[in-house]
Amino acid sequence: MKIDERALLQERVRTLVLRHALQAVLERLAAATRGAGQDVEAELLNLEQSLVATARGLADRASAQKLAVLVAVEDATATIRAAFDSAHDRLDLLAPPTLALVETPAAVAA
């Protein structure tokens with residue numbers, strides 16, 4: 001295995017570990033935010049936007065670097081998005097379903 005390939009593989013493994021760690025932290029953050037009576041969705045969205053903007057800023061600065069750096073930044077961005085998607089999905093499962101009130105049609109009411 002070439003040195004560049006090995007470095008890229010190591011970065012992908014680090015990214016995978018980062019994803020699992022980030023998901024665990026996001027779940028704890030969501031539970032703490034919910035417990036404090038705050039809007040979990042808004043907090044997660046703000047955090048996601050900050051992290052993704054930072055990752056993209058790194059990519060802009062690294063544009064003159066090797067492809068491996070750009071791939072690592074894109075992997076990190078994808079990992080961040082996947083972790084937030086997973087956190088949002090879990091929140092959706094925990095949220096009680098909301099039922100809309102529907103008027104009874106006139107034909108049925110009569």
# chains A, B, ... in the order shown; residues from 1 in each chain; ligands from 1

$ residues_around --residues "Arg56 (chain A)" --least-positions-apart "3" --cutoff "12 Å" --atoms "only C-alpha atoms" --output "list in words"
Gln49, Ser50, Leu51, Val52, Ala53, Ala59, Asp60, Arg61, Ala62, Ser63, Leu70, Val71, Ala72, Val73, Glu74, Asp75, Ala76, Thr77, Ala78 and Ile80 of chain A

$ write_last_selection --atoms "C-alpha atoms" --output "PDB file, in the first residue's frame"
ATOM      1  CA  GLN A  49     -24.352  25.127  10.561  1.00  0.00           C
ATOM      2  CA  SER A  50     -21.349  26.292  12.572  1.00  0.00           C
ATOM      3  CA  LEU A  51     -19.462  23.024  12.159  1.00  0.00           C
ATOM      4  CA  VAL A  52     -20.188  22.688   8.445  1.00  0.00           C
ATOM      5  CA  ALA A  53     -19.213  26.323   7.807  1.00  0.00           C
ATOM      6  CA  ALA A  59     -11.516  23.324   2.508  1.00  0.00           C
ATOM      7  CA  ASP A  60     -11.238  26.811   1.013  1.00  0.00           C
ATOM      8  CA  ARG A  61      -7.895  27.362   2.723  1.00  0.00           C
ATOM      9  CA  ALA A  62      -6.679  23.903   1.738  1.00  0.00           C
ATOM     10  CA  SER A  63      -7.523  24.279  -1.958  1.00  0.00           C
ATOM     11  CA  LEU A  70      -9.713  17.961   0.405  1.00  0.00           C
ATOM     12  CA  VAL A  71     -11.107  14.434   0.584  1.00  0.00           C
ATOM     13  CA  ALA A  72     -10.575  14.365   4.356  1.00  0.00           C
ATOM     14  CA  VAL A  73     -12.433  17.672   4.767  1.00  0.00           C
ATOM     15  CA  GLU A  74     -15.302  16.457   2.587  1.00  0.00           C
ATOM     16  CA  ASP A  75     -15.429  13.207   4.592  1.00  0.00           C
ATOM     17  CA  ALA A  76     -15.587  15.225   7.802  1.00  0.00           C
ATOM     18  CA  THR A  77     -18.396  17.357   6.394  1.00  0.00           C
ATOM     19  CA  ALA A  78     -20.331  14.268   5.316  1.00  0.00           C
ATOM     20  CA  ILE A  80     -21.045  15.841  10.496  1.00  0.00           C
TER      21      ILE A  80
END

$ atom_distance --atom1 "CA of Val17 (chain A)" --atom2 "CA of Leu93 (chain A)"
24.4 Å

$ residues_around --residues "Ala31 (chain A)" --least-positions-apart "4" --cutoff "12 Å" --atoms "only C-alpha atoms" --output "PyMOL selection string"
chain A and resi 24-27+35-41+43-44+87+90-91+94

$ select_by_dssp --residues "chain A" --states "helix (DSSP H, G or I)" --output "PyMOL selection string"
chain A and resi 3-35+40-61+67-94+106-109

$ atom_distance --atom1 "CA of Gln23 (chain A)" --atom2 "CA of Gly57 (chain A)"
22.5 Å

$ atom_distance --atom1 "CA of Leu45 (chain A)" --atom2 "CA of Ala68 (chain A)"
28.4 Å
